[in-house]
Amino acid sequence: MDERAPLQVVALISGSGSNLQALMDAQRQGAPIRLQAVISNTAEAYGLERARHQGIPTEVLSHRGYADRDAFDADLAALIDRHNPELVVLAGFMRILTPGFVNRYAGRMMNIHPSLLPKFRGLNTHQRALDAGEREHGASVHFVTAELDGGPVIIQARVPVLADDDAGSLAARVLKQEHRLYPTAVGWFAEGRLRLGEDGRAHLDGRALQAPMLMEAAAAPEPAPS
Ligand code: GAR
């Protein structure tokens with residue numbers, strides 16, 4: 001049995017918080033993590049309600065009214081550091097982060113991104129995948145570095161792009177996989193199996209990943225009774 005204390009985690013969100021929910025569910029189901037606080041840059045984020053429902057402290061730090069990114073990120077870091085987390089998870093946190101902020105949490109900040117990185121960094125990934133005629137799309141969890149959506153990828157999940165997909169249907173298919181990916185990666189980190197190496201690569205079980213891990217496909221649904 002693993003006797004280590006649960007990993008102390010602070011989550012940053014901006015929206016629905018369904019990935020946060022997946023992490024909270026994992027914690028409830030016994031994953032060795034403890035969500036200490038959820039911080040949002042907008043008071044309207046539904047994820048705040050999800051966190052309150054689970055009894056997790058929430059904080060809002062609006063980016064509005066800040067003169068520049070450095071000033072906001074400095075206050076955000078101060079808020080995070082009050083909890084002294086071992087890992088910061090970006091769970092739909094829709095802000096570009098300054099290098100100073102990113103470096104402060106080097107090796108202990110992860111992001112989930114809705115594309116098969118390095119494809120489609122940035123926004124509108126699902127529409128861009130459709131426009132590019134991709135037959136496969138997906139999501140990635142990566143360590144955060146100063147390069148936007150450019151840090152070493154830990155694990156990915158792939159989904160097919162179907163002929164009648166629009167951005168909404170594709171996003172829903174990808175999001176379902178995100179909810180499996182994030183608890184897996186955070187769980188590895190919590191178990192001490194995953195770290196960011198000095199070579200800039202993700203290391204799992206003592207070995208540098210040459211390519212991202214791939215989340216195995218979910219079991220196929222039972223065929224409907226005929
Ligand atoms: C997720 O699809 C996540 O990958 C994406 O925002 C969504 C948040 O959903 N993140 C980014 O695009 C970051 N660049 P959620 O609030 O329901 O977890």
# chains A, B, ... in the order shown; residues from 1 in each chain; ligands from 1

$ residues_near_ligand --ligand "ligand 1" --cutoff "9 Å" --atoms "only C-alpha atoms and all ligand atoms" --output "number ranges by chain"
A: 13-22, 45-47, 90-96, 111-115, 121-125, 139-141, 148-149, 171-172, 174-175, 178-179

$ write_last_selection --atoms "C-alpha atoms" --output "PDB file, in the first residue's frame"
ATOM      1  CA  ILE A  13     -10.148  27.183 -14.261  1.00  0.00           C
ATOM      2  CA  SER A  14     -12.062  29.645 -16.420  1.00  0.00           C
ATOM      3  CA  GLY A  15     -15.185  27.773 -17.414  1.00  0.00           C
ATOM      4  CA  SER A  16     -17.338  24.698 -17.061  1.00  0.00           C
ATOM      5  CA  GLY A  17     -14.805  22.755 -15.031  1.00  0.00           C
ATOM      6  CA  SER A  18     -15.658  19.311 -16.346  1.00  0.00           C
ATOM      7  CA  ASN A  19     -11.967  18.353 -16.221  1.00  0.00           C
ATOM      8  CA  LEU A  20     -11.859  19.630 -12.662  1.00  0.00           C
ATOM      9  CA  GLN A  21     -14.869  17.405 -11.988  1.00  0.00           C
ATOM     10  CA  ALA A  22     -12.977  14.413 -13.358  1.00  0.00           C
ATOM     11  CA  ALA A  45     -17.096  29.865 -14.153  1.00  0.00           C
ATOM     12  CA  TYR A  46     -19.445  26.947 -13.468  1.00  0.00           C
ATOM     13  CA  GLY A  47     -16.477  24.979 -12.183  1.00  0.00           C
ATOM     14  CA  LEU A  90      -4.632  24.147 -15.586  1.00  0.00           C
ATOM     15  CA  ALA A  91      -8.106  22.790 -16.204  1.00  0.00           C
ATOM     16  CA  GLY A  92      -9.542  24.975 -18.941  1.00  0.00           C
ATOM     17  CA  PHE A  93      -7.690  28.060 -17.697  1.00  0.00           C
ATOM     18  CA  MET A  94      -7.945  30.353 -20.692  1.00  0.00           C
ATOM     19  CA  ARG A  95      -5.082  32.728 -20.049  1.00  0.00           C
ATOM     20  CA  ILE A  96      -1.706  33.131 -21.688  1.00  0.00           C
ATOM     21  CA  ASN A 111      -2.191  21.628 -18.799  1.00  0.00           C
ATOM     22  CA  ILE A 112      -4.784  19.748 -20.801  1.00  0.00           C
ATOM     23  CA  HIS A 113      -5.225  20.844 -24.378  1.00  0.00           C
ATOM     24  CA  PRO A 114      -7.882  19.737 -26.858  1.00  0.00           C
ATOM     25  CA  SER A 115      -5.694  18.613 -29.740  1.00  0.00           C
ATOM     26  CA  ARG A 121      -1.877  24.922 -30.434  1.00  0.00           C
ATOM     27  CA  GLY A 122      -4.039  27.819 -29.244  1.00  0.00           C
ATOM     28  CA  LEU A 123      -7.788  28.225 -29.688  1.00  0.00           C
ATOM     29  CA  ASN A 124     -10.604  26.757 -31.823  1.00  0.00           C
ATOM     30  CA  THR A 125      -8.801  23.455 -32.131  1.00  0.00           C
ATOM     31  CA  ALA A 139      -6.362  15.730 -26.528  1.00  0.00           C
ATOM     32  CA  SER A 140      -3.009  16.017 -24.785  1.00  0.00           C
ATOM     33  CA  VAL A 141      -1.757  16.524 -21.242  1.00  0.00           C
ATOM     34  CA  LEU A 148       2.313  28.271 -25.479  1.00  0.00           C
ATOM     35  CA  ASP A 149       0.967  24.687 -25.562  1.00  0.00           C
ATOM     36  CA  ALA A 171     -15.422  18.654 -28.991  1.00  0.00           C
ATOM     37  CA  ALA A 172     -17.802  16.421 -27.035  1.00  0.00           C
ATOM     38  CA  VAL A 174     -12.640  14.747 -27.290  1.00  0.00           C
ATOM     39  CA  LEU A 175     -13.826  16.038 -23.907  1.00  0.00           C
ATOM     40  CA  GLU A 178      -9.964  14.411 -21.568  1.00  0.00           C
ATOM     41  CA  HIS A 179     -11.826  13.207 -18.490  1.00  0.00           C
TER      42      HIS A 179
END

$ select_by_dssp --residues "stretch 79-119 of chain A" --states "helix (DSSP H, G or I)" --output "PyMOL selection string"
chain A and resi 79-81+99-104

$ residues_around --residues "A:Arg82" --least-positions-apart "6" --cutoff "12 Å" --atoms "only C-alpha atoms" --output "list in words"
Val10, Gln36, Ala37, Ile39, Glu59, Asp75 and Leu76 of chain A

$ write_last_selection --atoms "all heavy atoms" --output "compact mmCIF listing (two decimals), in the first residue's frame"
# COMPACT_ATOMS: atom_id res chain seq x y z
N VAL A 10 -3.53 22.51 -6.61
CA VAL A 10 -4.37 23.69 -6.84
C VAL A 10 -4.77 23.67 -8.31
O VAL A 10 -3.92 23.44 -9.19
CB VAL A 10 -3.65 25.00 -6.48
CG1 VAL A 10 -4.39 26.21 -7.04
CG2 VAL A 10 -3.51 25.12 -4.96
N GLN A 36 -6.71 21.29 -3.05
CA GLN A 36 -6.71 22.24 -1.93
C GLN A 36 -7.58 23.45 -2.21
O GLN A 36 -8.18 24.02 -1.31
CB GLN A 36 -5.29 22.75 -1.70
CG GLN A 36 -4.25 21.70 -1.46
CD GLN A 36 -2.89 22.34 -1.54
OE1 GLN A 36 -2.37 22.55 -2.63
NE2 GLN A 36 -2.32 22.66 -0.40
N ALA A 37 -7.58 23.88 -3.47
CA ALA A 37 -8.31 25.10 -3.83
C ALA A 37 -8.51 25.13 -5.32
O ALA A 37 -7.73 24.54 -6.08
CB ALA A 37 -7.53 26.34 -3.39
N ILE A 39 -9.09 28.03 -8.28
CA ILE A 39 -9.00 29.47 -8.54
C ILE A 39 -9.48 29.73 -9.96
O ILE A 39 -9.05 29.04 -10.90
CB ILE A 39 -7.54 29.97 -8.38
CG1 ILE A 39 -7.03 29.66 -6.96
CG2 ILE A 39 -7.45 31.47 -8.67
CD1 ILE A 39 -5.54 29.96 -6.75
N GLU A 59 -11.59 30.49 -5.09
CA GLU A 59 -11.18 31.89 -5.10
C GLU A 59 -11.32 32.43 -6.52
O GLU A 59 -11.12 31.69 -7.48
CB GLU A 59 -9.73 32.01 -4.63
CG GLU A 59 -9.64 31.82 -3.12
CD GLU A 59 -8.26 31.43 -2.62
OE1 GLU A 59 -7.75 30.38 -3.03
OE2 GLU A 59 -7.74 32.17 -1.82
N ASP A 75 -0.04 38.41 -8.80
CA ASP A 75 -1.08 38.23 -7.78
C ASP A 75 -1.62 36.80 -7.80
O ASP A 75 -1.94 36.23 -6.75
CB ASP A 75 -2.23 39.22 -7.99
CG ASP A 75 -1.87 40.60 -7.45
OD1 ASP A 75 -0.74 40.78 -6.96
OD2 ASP A 75 -2.73 41.51 -7.52
N LEU A 76 -1.71 36.23 -8.99
CA LEU A 76 -2.18 34.84 -9.10
C LEU A 76 -1.20 33.90 -8.40
O LEU A 76 -1.59 33.01 -7.64
CB LEU A 76 -2.32 34.47 -10.58
CG LEU A 76 -2.83 33.06 -10.88
CD1 LEU A 76 -4.22 32.84 -10.26
CD2 LEU A 76 -2.88 32.82 -12.39

$ residues_around --residues "stretch 68-74 of chain A" --least-positions-apart "6" --cutoff "12 Å" --atoms "only C-alpha atoms" --output "NGL selection string"
:A and (41 or 61-62 or 80-81 or 95-105)

$ write_last_selection --atoms "N, CA, C and O atoms" --output "compact mmCIF listing (two decimals), in the first residue's frame"
# COMPACT_ATOMS: atom_id res chain seq x y z
N ASN A 41 -10.36 32.87 -12.97
CA ASN A 41 -10.17 34.27 -13.33
C ASN A 41 -11.50 34.93 -13.69
O ASN A 41 -11.52 36.09 -14.08
N LEU A 61 -9.96 35.49 -8.99
CA LEU A 61 -9.05 36.62 -9.21
C LEU A 61 -9.28 37.07 -10.65
O LEU A 61 -8.79 36.43 -11.59
N SER A 62 -10.06 38.13 -10.79
CA SER A 62 -10.38 38.59 -12.15
C SER A 62 -9.16 39.29 -12.75
O SER A 62 -8.48 40.07 -12.09
N ILE A 80 -1.87 31.34 -5.30
CA ILE A 80 -1.54 29.90 -5.38
C ILE A 80 -0.61 29.52 -4.24
O ILE A 80 -0.81 28.51 -3.56
N ASP A 81 0.42 30.34 -4.03
CA ASP A 81 1.48 29.97 -3.09
C ASP A 81 1.00 29.93 -1.64
O ASP A 81 1.63 29.29 -0.80
N ARG A 95 -5.95 31.56 -20.14
CA ARG A 95 -5.08 32.73 -20.05
C ARG A 95 -3.72 32.36 -20.61
O ARG A 95 -3.23 31.25 -20.39
N ILE A 96 -3.12 33.30 -21.31
CA ILE A 96 -1.71 33.13 -21.69
C ILE A 96 -0.88 33.53 -20.48
O ILE A 96 -1.12 34.58 -19.87
N LEU A 97 0.08 32.69 -20.12
CA LEU A 97 0.84 32.91 -18.88
C LEU A 97 2.21 33.51 -19.20
O LEU A 97 2.82 33.17 -20.21
N THR A 98 2.68 34.36 -18.32
CA THR A 98 4.00 34.99 -18.53
C THR A 98 5.10 33.97 -18.22
O THR A 98 4.92 33.06 -17.40
N PRO A 99 6.27 34.15 -18.86
CA PRO A 99 7.39 33.22 -18.59
C PRO A 99 7.75 33.18 -17.10
O PRO A 99 8.07 32.11 -16.57
N GLY A 100 7.69 34.31 -16.42
CA GLY A 100 8.02 34.33 -15.00
C GLY A 100 7.11 33.40 -14.21
O GLY A 100 7.57 32.64 -13.34
N PHE A 101 5.83 33.45 -14.53
CA PHE A 101 4.85 32.60 -13.83
C PHE A 101 5.11 31.14 -14.14
O PHE A 101 5.15 30.29 -13.25
N VAL A 102 5.32 30.85 -15.42
CA VAL A 102 5.54 29.46 -15.84
C VAL A 102 6.81 28.90 -15.18
O VAL A 102 6.81 27.77 -14.66
N ASN A 103 7.86 29.69 -15.17
CA ASN A 103 9.12 29.20 -14.60
C ASN A 103 9.02 28.95 -13.11
O ASN A 103 9.67 28.06 -12.57
N ARG A 104 8.20 29.74 -12.45
CA ARG A 104 8.01 29.57 -11.01
C ARG A 104 7.48 28.16 -10.69
O ARG A 104 7.79 27.60 -9.66
N TYR A 105 6.67 27.64 -11.61
CA TYR A 105 6.06 26.33 -11.38
C TYR A 105 6.64 25.26 -12.31
O TYR A 105 5.98 24.24 -12.59

$ atom_distance --atom1 "atom CA of A:Pro160" --atom2 "atom CA of A:Ala217"
11.0 Å

$ residues_around --residues "A:Glu49" --least-positions-apart "5" --cutoff "10 Å" --atoms "only C-alpha atoms" --output "list in words"
Ser16, Gly17, Ala43, Glu44, Gln54, Gly55, Ile56 and Thr58 of chain A

$ write_last_selection --atoms "all heavy atoms" --output "PDB file, in the first residue's frame"
ATOM      1  N   SER A  16     -16.425  25.740 -17.536  1.00  0.00           N
ATOM      2  CA  SER A  16     -17.338  24.698 -17.061  1.00  0.00           C
ATOM      3  C   SER A  16     -16.732  23.805 -15.975  1.00  0.00           C
ATOM      4  O   SER A  16     -17.426  23.351 -15.072  1.00  0.00           O
ATOM      5  CB  SER A  16     -17.768  23.845 -18.254  1.00  0.00           C
ATOM      6  OG  SER A  16     -18.205  22.592 -17.820  1.00  0.00           O
ATOM      7  N   GLY A  17     -15.460  23.534 -16.078  1.00  0.00           N
ATOM      8  CA  GLY A  17     -14.805  22.755 -15.031  1.00  0.00           C
ATOM      9  C   GLY A  17     -15.092  21.266 -15.095  1.00  0.00           C
ATOM     10  O   GLY A  17     -14.976  20.564 -14.088  1.00  0.00           O
ATOM     11  N   ALA A  43     -15.712  35.063 -12.248  1.00  0.00           N
ATOM     12  CA  ALA A  43     -16.666  34.652 -11.203  1.00  0.00           C
ATOM     13  C   ALA A  43     -17.766  33.779 -11.773  1.00  0.00           C
ATOM     14  O   ALA A  43     -18.443  33.065 -11.038  1.00  0.00           O
ATOM     15  CB  ALA A  43     -17.273  35.892 -10.549  1.00  0.00           C
ATOM     16  N   GLU A  44     -17.966  33.829 -13.097  1.00  0.00           N
ATOM     17  CA  GLU A  44     -19.077  33.087 -13.721  1.00  0.00           C
ATOM     18  C   GLU A  44     -18.735  31.625 -14.001  1.00  0.00           C
ATOM     19  O   GLU A  44     -19.596  30.873 -14.445  1.00  0.00           O
ATOM     20  CB  GLU A  44     -19.498  33.743 -15.048  1.00  0.00           C
ATOM     21  CG  GLU A  44     -20.243  35.055 -14.898  1.00  0.00           C
ATOM     22  CD  GLU A  44     -19.316  36.204 -14.599  1.00  0.00           C
ATOM     23  OE1 GLU A  44     -18.262  36.305 -15.254  1.00  0.00           O
ATOM     24  OE2 GLU A  44     -19.621  36.991 -13.685  1.00  0.00           O
ATOM     25  N   GLN A  54     -18.375  20.216  -3.739  1.00  0.00           N
ATOM     26  CA  GLN A  54     -17.481  19.166  -3.237  1.00  0.00           C
ATOM     27  C   GLN A  54     -16.775  19.618  -1.957  1.00  0.00           C
ATOM     28  O   GLN A  54     -15.942  18.899  -1.427  1.00  0.00           O
ATOM     29  CB  GLN A  54     -16.437  18.874  -4.313  1.00  0.00           C
ATOM     30  CG  GLN A  54     -15.973  17.456  -4.412  1.00  0.00           C
ATOM     31  CD  GLN A  54     -16.885  16.617  -5.279  1.00  0.00           C
ATOM     32  OE1 GLN A  54     -17.538  17.112  -6.184  1.00  0.00           O
ATOM     33  NE2 GLN A  54     -16.956  15.349  -4.983  1.00  0.00           N
ATOM     34  N   GLY A  55     -17.063  20.850  -1.531  1.00  0.00           N
ATOM     35  CA  GLY A  55     -16.454  21.368  -0.307  1.00  0.00           C
ATOM     36  C   GLY A  55     -15.016  21.826  -0.485  1.00  0.00           C
ATOM     37  O   GLY A  55     -14.254  21.899   0.482  1.00  0.00           O
ATOM     38  N   ILE A  56     -14.647  22.144  -1.709  1.00  0.00           N
ATOM     39  CA  ILE A  56     -13.280  22.613  -1.965  1.00  0.00           C
ATOM     40  C   ILE A  56     -13.273  24.144  -2.001  1.00  0.00           C
ATOM     41  O   ILE A  56     -14.117  24.744  -2.685  1.00  0.00           O
ATOM     42  CB  ILE A  56     -12.754  22.024  -3.293  1.00  0.00           C
ATOM     43  CG1 ILE A  56     -12.673  20.499  -3.173  1.00  0.00           C
ATOM     44  CG2 ILE A  56     -11.397  22.610  -3.661  1.00  0.00           C
ATOM     45  CD1 ILE A  56     -12.376  19.789  -4.460  1.00  0.00           C
ATOM     46  N   THR A  58     -12.814  27.917  -2.924  1.00  0.00           N
ATOM     47  CA  THR A  58     -12.706  28.560  -4.240  1.00  0.00           C
ATOM     48  C   THR A  58     -12.257  30.006  -4.066  1.00  0.00           C
ATOM     49  O   THR A  58     -12.514  30.632  -3.043  1.00  0.00           O
ATOM     50  CB  THR A  58     -14.060  28.565  -4.971  1.00  0.00           C
ATOM     51  OG1 THR A  58     -14.997  29.304  -4.190  1.00  0.00           O
ATOM     52  CG2 THR A  58     -14.559  27.165  -5.221  1.00  0.00           C
TER      53      THR A  58
END

$ closest_residue --among "A:Arg207, A:Lys119, A:Arg28, A:His126" --to "A:Arg193" --atoms "only C-alpha atoms"
A:Arg207

$ closest_residue --among "A:Met109, A:Val144, A:Leu130, A:Ala67" --to "A:Asp166" --atoms "only C-alpha atoms"
A:Leu130

$ residues_around --residues "A:Gly187" --least-positions-apart "4" --cutoff "8 Å" --atoms "only C-alpha atoms" --output "PDB file with C-alpha atoms, in the first residue's frame"
ATOM      1  CA  ALA A  31      -6.624   8.699  -6.151  1.00  0.00           C
ATOM      2  CA  PRO A  32      -3.735   9.943  -3.963  1.00  0.00           C
ATOM      3  CA  ILE A  33      -4.483  13.621  -4.607  1.00  0.00           C
ATOM      4  CA  PRO A 183      -6.724  11.877 -13.792  1.00  0.00           C
ATOM      5  CA  GLU A 191       2.434   8.298  -7.315  1.00  0.00           C
TER       6      GLU A 191
END

$ closest_residue --among "A:Gly151, A:Ala132, A:Leu79, A:Thr184" --to "A:Ala26" --atoms "only C-alpha atoms"
A:Thr184

$ closest_residue --among "A:Glu3, A:Asp205, A:Glu198, A:Glu216" --to "A:Pro152" --atoms "only C-alpha atoms"
A:Glu198
